[in-house]
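Inspection log for the structure reproduced underneath, given as structure tokens.
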Amino acid sequence: DTAVSQTPKYLVTQMGNDKSIKCEQNLGHDTMYWYKQDSKKFLKIMFSYNNKELIINETVPNRFSPKSPDKAHLNLHINSLELGDSAVYFCASSRQEKLFFGSGTQLSVL
Amino acid sequence: DQQVKQNSPSLSVQEGRISILNCDYTNSMFDYFLWYKKYPAEGPTFLISISSIKDKNEDGRFTVFLNKSAKHLSLHIVPSQPGDSAVYFCAALTQGGSEKLVFGKGTKLTVNP
């Protein structure tokens, strides 16, 4: 009965590869997000979708492409992975101002 | 450009005492503030929030105080319990804006038995 679930929890890959992270929420929320927590521990918004429509794109490189097949899912595809992409990626959904986060995907690019 | 700052990376208190976590912000357009708690290998979970029309909000052992003139807020936990040991993130947003929640860097609280 997990509210916001994302997979995989850990992802280790080589530079240049393409990878995807999946996210699903069963809370019935209209808005979903991707946040990145970098090595300095800042949590920064990357994307926000409302009812499958992109509403926030925080100057993230084009190598990152979110896809929302329906309002319960927001997947993140990353092309040509770089060392600097290593971080923890959190999916979230929101009700009013409150965010509900998934448990995170730790991405390590070697 | 850090709009939300948590200047103490860590805090250690004894069980039963008060924990005070501080947060400063620079953007005067922020009008809603939230605290999140994060355990290792888990996502942040919402703890408590406050609107800028209030200066205090209390929920059980947790109280958030807001000083708009100083652009400062604090989270008080009393009495502190070992299970409160976690990283606490302060976050802020402008209601009716882009729904973009801006987070601080977090403060790691350790409550010693």
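Labeling convention for the structure tokens: chains A, B, ... as they appear, residues from 1 per chain, ligands from 1 in order of appearance.
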If you take only C-alpha atoms and a cut-off of 9 Å, which residues of chain A touch chain B, and what are their nearest atom pairs and distances in Å to one decimal, in chain and number order, as JSON lines?
{"residue": "A:Lys9", "atom": "CA", "partner": "B:Ala41", "partner_atom": "CA", "distance": 8.9}
{"residue": "A:Lys40", "atom": "CA", "partner": "B:Lys105", "partner_atom": "CA", "distance": 7.7}
{"residue": "A:Lys41", "atom": "CA", "partner": "B:Lys105", "partner_atom": "CA", "distance": 5.8}
{"residue": "A:Phe42", "atom": "CA", "partner": "B:Lys105", "partner_atom": "CA", "distance": 4.9}
{"residue": "A:Leu43", "atom": "CA", "partner": "B:Phe103", "partner_atom": "CA", "distance": 5.9}
{"residue": "A:Lys44", "atom": "CA", "partner": "B:Val102", "partner_atom": "CA", "distance": 7.0}
{"residue": "A:Ile45", "atom": "CA", "partner": "B:Lys100", "partner_atom": "CA", "distance": 7.2}
{"residue": "A:Ser48", "atom": "CA", "partner": "B:Lys100", "partner_atom": "CA", "distance": 8.5}
{"residue": "A:Ile55", "atom": "CA", "partner": "B:Ser98", "partner_atom": "CA", "distance": 8.2}
{"residue": "A:Ile56", "atom": "CA", "partner": "B:Ser98", "partner_atom": "CA", "distance": 7.5}
{"residue": "A:Phe90", "atom": "CA", "partner": "B:Gly43", "partner_atom": "CA", "distance": 7.0}
{"residue": "A:Cys91", "atom": "CA", "partner": "B:Gly43", "partner_atom": "CA", "distance": 8.8}
{"residue": "A:Ala92", "atom": "CA", "partner": "B:Gly43", "partner_atom": "CA", "distance": 8.9}
{"residue": "A:Gln96", "atom": "CA", "partner": "B:Glu99", "partner_atom": "CA", "distance": 8.9}
{"residue": "A:Glu97", "atom": "CA", "partner": "B:Glu99", "partner_atom": "CA", "distance": 7.4}
{"residue": "A:Lys98", "atom": "CA", "partner": "B:Phe46", "partner_atom": "CA", "distance": 6.9}
{"residue": "A:Leu99", "atom": "CA", "partner": "B:Phe46", "partner_atom": "CA", "distance": 7.0}
{"residue": "A:Phe100", "atom": "CA", "partner": "B:Thr45", "partner_atom": "CA", "distance": 6.5}
{"residue": "A:Phe101", "atom": "CA", "partner": "B:Gly43", "partner_atom": "CA", "distance": 5.3}
{"residue": "A:Gly102", "atom": "CA", "partner": "B:Gly43", "partner_atom": "CA", "distance": 5.3}
{"residue": "A:Ser103", "atom": "CA", "partner": "B:Gly43", "partner_atom": "CA", "distance": 4.1}
{"residue": "A:Gly104", "atom": "CA", "partner": "B:Gly43", "partner_atom": "CA", "distance": 5.9}
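One finds CA of Tyr10 (chain A) at 23.9 Å from CA of Ser85 (chain B).
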So how far away is CA of Pro8 (chain A) from CA of Lys67 (chain A), in Å?
16.4 Å
Tell me, as number ranges by chain, which residues lie within 12 Å of Gly83 (chain B), counting only C-alpha atoms; anything in the same chain fewer than 2 positions away does not count.
B: 15-16, 37-39, 77, 79-81, 85-87, 109-113
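When CA of Ser86 (chain A) is paired with CA of Val4 (chain B), their separation reads 23.4 Å.
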Could you please write out, as a ChimeraX atom specification, every residue of chain A that DSSP assigns to strand (DSSP E)?
/A:4-7,10-13,19-25,31-37,43-50,53-57,64-70,73-78,87-95,98-101,105-109
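Residue neighbourhood of Leu81 (chain A), excluding near-sequence residues (fewer than 4 positions): Met15, Gly16 and Asn17 of chain A, at 6 Å, using only C-alpha atoms.
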Please save C-alpha atoms of the selected residues as an mmCIF file, in the first residue's frame.
data_model
loop_
_atom_site.group_PDB
_atom_site.id
_atom_site.type_symbol
_atom_site.label_atom_id
_atom_site.label_comp_id
_atom_site.auth_asym_id
_atom_site.auth_seq_id
_atom_site.Cartn_x
_atom_site.Cartn_y
_atom_site.Cartn_z
ATOM 1 C CA MET A 15 28.958 6.662 -18.474
ATOM 2 C CA GLY A 16 27.171 6.998 -21.775
ATOM 3 C CA ASN A 17 24.411 4.520 -21.001
#
